[in-house]
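Novice: Got a structure for you, written out below as structure tokens; questions coming shortly.
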Amino acid sequence: MQDAVNFLNGIIWSPALVYLCLGAGLFFSVLTRFVQVRHFKEMLRLIGSSQSSSAGVSSFQALTISLSGRVGTGNIAGVAAAIGFGGPGAIFWMWVVAFLGAATSYIECTLGQIYKENHEGQYRGGPAYYIEKAMGQKWYAWVFAIATIIATGLLLPGAQSNSIGNAVELAFGASTNGGDISTAKLVAATGIVIALSCIIFGGVKRIANFTQIVVPFMAVSYIIVAFVIIGLNIDKLPGIVAMIFNDAFTPMAGFGAAIGWGVKRGVYSNEAGQGMGPQSSAAAEVDHPAQQGLVQAFAVYVDTLFVCTATAFMILIVGTYNVQGGGEGVWLVQNLDPSVAANSPAFTQFAIESVFPGLGTIFVAIALTFFSFTTILAYYYIAETNVTYLQRSIKVPGLTLLLKVGLIGSTFYGAVKTANLAWGLGDIGVGLMAWLNIIGIIIIFFMAKPAIKALKDYESQQRSGKDRYSFDPKKLGISNADFWEHRNASAHAAGEKLKTSELEKVNS
């Protein structure tokens, strides 16, 4: 099984995908005139929006749903893997993919808003929707939807729950009571699936209400702990930053390893280009699609530049990491026992434990449990959105229930399996989605440029000083934006009715 997974990952995560992710980010950064820098202040303003409706969540809730998917095991175990297999220089490439990926995130999430639908009282959207409507290729949309259901419903939840199981086992011991699986892992797996079942049967509103409380609290708590550790070792920070930059171009683990692992774990963590962000973006109630695109671009910064960087600095400052060389058992840096897996939260746990003895492993176990749990919730929402998309054409009863059962089973299975297998399956899912989505949004750009048109329209309204933004896709030459066309038609009809009523009052 492991050999098959490694073989598939070798094909999917070839250098072609690494450079596609970087190239797409640079391409969209230039086209948007580096929207991720120019509109940073506007991103912060929009996050505070509390506008919501019975069909949609607020921008902040959509951000937390998105962050619940972005901020997860990739921020703790993923950063460790990037360092362990790619060297400290891999962190530089994580920063690069985050900075460029913010522009990609703007594009895909704006598209998610433009082409969203109101399905049975809930907003739904994402790559499957905009591939069908903007590209006109329903078969390609179906391929993406099916790949996403498999990835987020079956492959990726296991990587998240695996990190929870490993962290809990490291914190509370590996006693098996005569079995093959530790008691700590079994208890963790059981607790996760019970809590998961209670929430995913409650719909997107319950997911949003849960994540808007948990995600900010845990992210802030984690960053505070990281800042304390960094502050206690502040004299080492300049040397660590220098090491990251030096190793990015003269890497100890090889130039290809530094870039490859930095980009792979960067994309896994911040999800820019994967097509996950557009699903939660489409759920937001906004006046203009570009607004949610900007909010989701900021989410990439929060994930990688804040949380991932905090993890990297902790690990490197304290020195609780190994760097694997070109062959099995070859170590370029060995500060820990060789048995410590890089694809686990152990590096981070040891870093915090060295400063807070007796608390580090438990704190990371708790933080990782919340981070990974909310990520699994986001995965469910994404998978459910794509099941909903398929059911527009095929009315097969029980598909959503089957998804819930499959995701719960995958979560339990991942929590008790080895780290390398769980992460390998997750990488397959991430890679498939990234290939399909990035190619899709590039084709859509050359066909119609809807996200760029939306950005220019939003900036034009900004300059005119409008208090309330509006979006008219027909005026911009954007076709098949059915939700916005119906919304504008309804607003126009309501306005005409109000005028007629007022005129009748005047006449009477």
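Just so we're on the same page: first chain in the structure tokens is A, next is B, and so on; residues restart at 1 for each chain, and ligands are numbered from 1 in the order they show up.
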Can you tell me which residues surround stretch 137-146 of chain A at a distance of at most 8 Å, considering only C-alpha atoms, apart from same-chain residues fewer than 4 positions away, and format the answer as number ranges by chain?
Specialist: A: 127-129, 131-133, 150, 386-387, 389-390, 433, 436-437
Novice: Deliver the residues from the most recent selection as a file, using N, CA and C atoms, as a PDB file, in the first residue's frame.
Specialist:
```
ATOM      1  N   PRO A 127     -15.205  25.307  -7.512  1.00  0.00           N
ATOM      2  CA  PRO A 127     -14.649  25.023  -8.840  1.00  0.00           C
ATOM      3  C   PRO A 127     -15.588  24.266  -9.766  1.00  0.00           C
ATOM      4  N   ALA A 128     -16.316  23.278  -9.261  1.00  0.00           N
ATOM      5  CA  ALA A 128     -17.219  22.525 -10.133  1.00  0.00           C
ATOM      6  C   ALA A 128     -18.244  23.455 -10.774  1.00  0.00           C
ATOM      7  N   TYR A 129     -18.738  24.414  -9.993  1.00  0.00           N
ATOM      8  CA  TYR A 129     -19.742  25.350 -10.495  1.00  0.00           C
ATOM      9  C   TYR A 129     -19.136  26.307 -11.511  1.00  0.00           C
ATOM     10  N   ILE A 131     -16.313  25.970 -13.213  1.00  0.00           N
ATOM     11  CA  ILE A 131     -15.803  25.271 -14.400  1.00  0.00           C
ATOM     12  C   ILE A 131     -16.937  25.028 -15.387  1.00  0.00           C
ATOM     13  N   GLU A 132     -18.093  24.615 -14.884  1.00  0.00           N
ATOM     14  CA  GLU A 132     -19.243  24.386 -15.774  1.00  0.00           C
ATOM     15  C   GLU A 132     -19.750  25.678 -16.394  1.00  0.00           C
ATOM     16  N   LYS A 133     -19.884  26.732 -15.570  1.00  0.00           N
ATOM     17  CA  LYS A 133     -20.525  27.960 -16.042  1.00  0.00           C
ATOM     18  C   LYS A 133     -19.582  28.868 -16.827  1.00  0.00           C
ATOM     19  N   ILE A 150     -13.656  12.426  -3.286  1.00  0.00           N
ATOM     20  CA  ILE A 150     -12.720  11.367  -2.867  1.00  0.00           C
ATOM     21  C   ILE A 150     -11.617  11.951  -1.982  1.00  0.00           C
ATOM     22  N   ASN A 386     -19.798  19.411  -3.195  1.00  0.00           N
ATOM     23  CA  ASN A 386     -19.619  18.745  -4.485  1.00  0.00           C
ATOM     24  C   ASN A 386     -20.621  17.611  -4.689  1.00  0.00           C
ATOM     25  N   VAL A 387     -21.054  16.981  -3.612  1.00  0.00           N
ATOM     26  CA  VAL A 387     -22.163  16.015  -3.720  1.00  0.00           C
ATOM     27  C   VAL A 387     -23.424  16.752  -4.160  1.00  0.00           C
ATOM     28  N   TYR A 389     -23.535  19.443  -5.902  1.00  0.00           N
ATOM     29  CA  TYR A 389     -23.367  19.777  -7.314  1.00  0.00           C
ATOM     30  C   TYR A 389     -23.760  18.597  -8.202  1.00  0.00           C
ATOM     31  N   LEU A 390     -23.289  17.405  -7.863  1.00  0.00           N
ATOM     32  CA  LEU A 390     -23.616  16.224  -8.668  1.00  0.00           C
ATOM     33  C   LEU A 390     -25.112  15.939  -8.650  1.00  0.00           C
ATOM     34  N   MET A 433      -6.545  17.734  -6.785  1.00  0.00           N
ATOM     35  CA  MET A 433      -7.360  18.947  -6.787  1.00  0.00           C
ATOM     36  C   MET A 433      -6.584  20.137  -7.341  1.00  0.00           C
ATOM     37  N   LEU A 436      -6.290  19.954 -11.253  1.00  0.00           N
ATOM     38  CA  LEU A 436      -7.564  20.227 -11.928  1.00  0.00           C
ATOM     39  C   LEU A 436      -7.983  21.681 -11.775  1.00  0.00           C
ATOM     40  N   ASN A 437      -7.839  22.244 -10.571  1.00  0.00           N
ATOM     41  CA  ASN A 437      -8.325  23.597 -10.325  1.00  0.00           C
ATOM     42  C   ASN A 437      -7.449  24.662 -10.970  1.00  0.00           C
TER      43      ASN A 437
END
```
Novice: As a PyMOL selection string, please: every residue in stretch 285-378 of chain A that a backbone DSSP assignment puts in strand (DSSP E or B).
Specialist: chain A and resi 322-324+331-334
Novice: Give me a file of those residues, with C-alpha atoms, as an mmCIF file, in the first residue's frame.
Specialist:
```cif
data_model
loop_
_atom_site.group_PDB
_atom_site.id
_atom_site.type_symbol
_atom_site.label_atom_id
_atom_site.label_comp_id
_atom_site.auth_asym_id
_atom_site.auth_seq_id
_atom_site.Cartn_x
_atom_site.Cartn_y
_atom_site.Cartn_z
ATOM 1 C CA ASN A 322 16.355 16.240 12.018
ATOM 2 C CA VAL A 323 17.051 16.668 8.308
ATOM 3 C CA GLN A 324 17.064 13.508 6.233
ATOM 4 C CA TRP A 331 21.001 12.317 8.198
ATOM 5 C CA LEU A 332 22.316 15.773 7.371
ATOM 6 C CA VAL A 333 21.179 17.081 10.760
ATOM 7 C CA GLN A 334 20.337 14.789 13.658
#
```
Novice: Within 9 Å of stretch 13-33 of chain A, which residues of stretch 253-341 of chain A show up? Give each one with its shortest atom-to-atom distance in Å (one decimal) and the two atoms involved, counting only C-alpha atoms, rows by chain then rising residue number, as CSV.
Specialist:
```
residue,atom,partner,partner_atom,distance
A:Gly256,CA,A:Pro15,CA,8.4
A:Ile259,CA,A:Val18,CA,7.9
A:Gly260,CA,A:Val18,CA,6.4
A:Val263,CA,A:Val18,CA,6.2
A:Lys264,CA,A:Val18,CA,7.1
A:Val267,CA,A:Cys21,CA,8.0
A:Ala272,CA,A:Cys21,CA,8.5
A:Gly273,CA,A:Cys21,CA,7.1
```
Novice: Need the shell around A:Trp423: protein/DNA/RNA residues with any atom at most 10 Å away, counting only C-alpha atoms. Skip same-chain ones fewer than 6 positions apart. Format as a PyMOL selection string?
Specialist: chain A and resi 5+74+77-78+155-160+162-163+343-344+414+429
Novice: Could you pull the residues within 7 Å of stretch 241-246 of chain A, counting only C-alpha atoms, minus those fewer than 3 positions along the same chain, as a ChimeraX atom specification?
Specialist: /A:88-89,91-92,237-238,249-250
Novice: The selected residues should be written to file as a PDB file, in the first residue's frame (atoms: N, CA and C atoms).
Specialist:
```pdb
ATOM      1  N   PRO A  88      15.866  23.555   6.469  1.00  0.00           N
ATOM      2  CA  PRO A  88      15.299  24.845   6.879  1.00  0.00           C
ATOM      3  C   PRO A  88      14.916  25.740   5.701  1.00  0.00           C
ATOM      4  N   GLY A  89      15.616  25.627   4.568  1.00  0.00           N
ATOM      5  CA  GLY A  89      15.307  26.462   3.407  1.00  0.00           C
ATOM      6  C   GLY A  89      13.920  26.230   2.845  1.00  0.00           C
ATOM      7  N   ILE A  91      11.256  26.412   4.388  1.00  0.00           N
ATOM      8  CA  ILE A  91      10.361  27.420   4.970  1.00  0.00           C
ATOM      9  C   ILE A  91      10.302  28.658   4.085  1.00  0.00           C
ATOM     10  N   PHE A  92      11.435  29.033   3.503  1.00  0.00           N
ATOM     11  CA  PHE A  92      11.430  30.172   2.574  1.00  0.00           C
ATOM     12  C   PHE A  92      10.466  29.925   1.424  1.00  0.00           C
ATOM     13  N   LEU A 237      17.187  34.487  16.925  1.00  0.00           N
ATOM     14  CA  LEU A 237      16.283  34.672  15.782  1.00  0.00           C
ATOM     15  C   LEU A 237      16.981  35.171  14.519  1.00  0.00           C
ATOM     16  N   PRO A 238      17.865  36.196  14.588  1.00  0.00           N
ATOM     17  CA  PRO A 238      18.535  36.639  13.354  1.00  0.00           C
ATOM     18  C   PRO A 238      19.302  35.515  12.668  1.00  0.00           C
ATOM     19  N   PHE A 249      18.688  28.653  -1.026  1.00  0.00           N
ATOM     20  CA  PHE A 249      19.392  28.692  -2.305  1.00  0.00           C
ATOM     21  C   PHE A 249      20.652  27.822  -2.332  1.00  0.00           C
ATOM     22  N   THR A 250      21.162  27.496  -1.154  1.00  0.00           N
ATOM     23  CA  THR A 250      22.269  26.532  -1.070  1.00  0.00           C
ATOM     24  C   THR A 250      21.857  25.471  -0.062  1.00  0.00           C
TER      25      THR A 250
END
```
Novice: Could you check the closest approach to A:Glu285 for each of A:Ile76, A:Trp484, A:Val35, A:Phe85 and tell me which residue wins, using only C-alpha atoms?
Specialist: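 The closest residue to A:Glu285 is A:Trp484.
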Novice: Pick out the residues sitting within 8 Å of A:Asp472, and hand them over as a PyMOL selection string; count only C-alpha atoms, and ignore anything fewer than 4 positions along from it in its own chain.
Specialist: chain A and resi 476+484-485+488
Novice: Can you write out the residues you just picked, keeping N, CA and C atoms, as a PDB file, in the first residue's frame?
Specialist:
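Result saved to result32.pdb:
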```pdb
ATOM      1  N   LEU A 476     -20.633  43.916 -16.990  1.00  0.00           N
ATOM      2  CA  LEU A 476     -19.203  43.624 -17.121  1.00  0.00           C
ATOM      3  C   LEU A 476     -18.914  42.583 -18.195  1.00  0.00           C
ATOM      4  N   TRP A 484     -26.386  36.328  -9.293  1.00  0.00           N
ATOM      5  CA  TRP A 484     -26.311  37.783  -9.271  1.00  0.00           C
ATOM      6  C   TRP A 484     -27.311  38.412 -10.227  1.00  0.00           C
ATOM      7  N   GLU A 485     -27.562  37.764 -11.361  1.00  0.00           N
ATOM      8  CA  GLU A 485     -28.570  38.269 -12.300  1.00  0.00           C
ATOM      9  C   GLU A 485     -29.954  38.239 -11.665  1.00  0.00           C
ATOM     10  N   ASN A 488     -30.164  40.941  -8.889  1.00  0.00           N
ATOM     11  CA  ASN A 488     -30.344  42.289  -9.427  1.00  0.00           C
ATOM     12  C   ASN A 488     -31.755  42.479  -9.974  1.00  0.00           C
TER      13      ASN A 488
END
```
Novice: Enumerate as an MDAnalysis selection string all residues of stretch 61-261 of chain A assigned to alpha helix (DSSP H) by DSSP on the backbone, naming them with the chain letters and numbers the document uses.
Specialist: chainID A and resid 61:70 73 79:86 90:114 127:130 138:150 156:172 183:200 204:232 237:249 255:261
Novice: Please determine, counting only C-alpha atoms, which residue among A:Ala367, A:Ile230, A:Ile441, A:Leu44 has the shortest atom-to-atom distance to A:Val355.
Specialist: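 Checking each candidate against A:Val355, we get A:Ile230 as the closest.
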Novice: Can you measure atom CA of A:Val302 to atom CA of A:Val364 for me? One decimal in Å is fine.
Specialist: 18.7 Å
Novice: In Å, rounded to a single decimal, give me how far atom CA of A:Phe370 is from atom CA of A:Val214.
Specialist: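 Atom CA of A:Val214 sits 7.3 Å away from atom CA of A:Phe370.
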Novice: When you count only C-alpha atoms, which of these residues is closest to A:Lys116: A:Leu402, A:Ala299, A:Arg265, A:Ala283?
Specialist: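 Residue with the minimum atom-to-atom distance to A:Lys116: A:Ala283.
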Novice: Tell me, in Å to one decimal, how far atom CA of A:Gly87 is from atom CA of A:Leu316.
Specialist: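 Calculated distance between atom CA of A:Gly87 and atom CA of A:Leu316 is 10.3 Å.
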Novice: Smallest atom-to-atom distance to A:Ile114: which of A:Gly293, A:Pro345, A:Gly398, A:Gly101, using only C-alpha atoms?
Specialist: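 Ranking A:Gly293, A:Pro345, A:Gly398, A:Gly101 by distance to A:Ile114, first place goes to A:Gly293.
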Novice: Need to verify the contact set: stretch 105-113 of chain A, 7 Å, only C-alpha atoms, exclusion of same-chain residues closer than 6 positions in sequence. Can you return it as a PyMOL selection string?
Specialist: chain A and resi 125-127+130+272-273+275+277-279+281-282+289-290+292-294+296-297+441+451
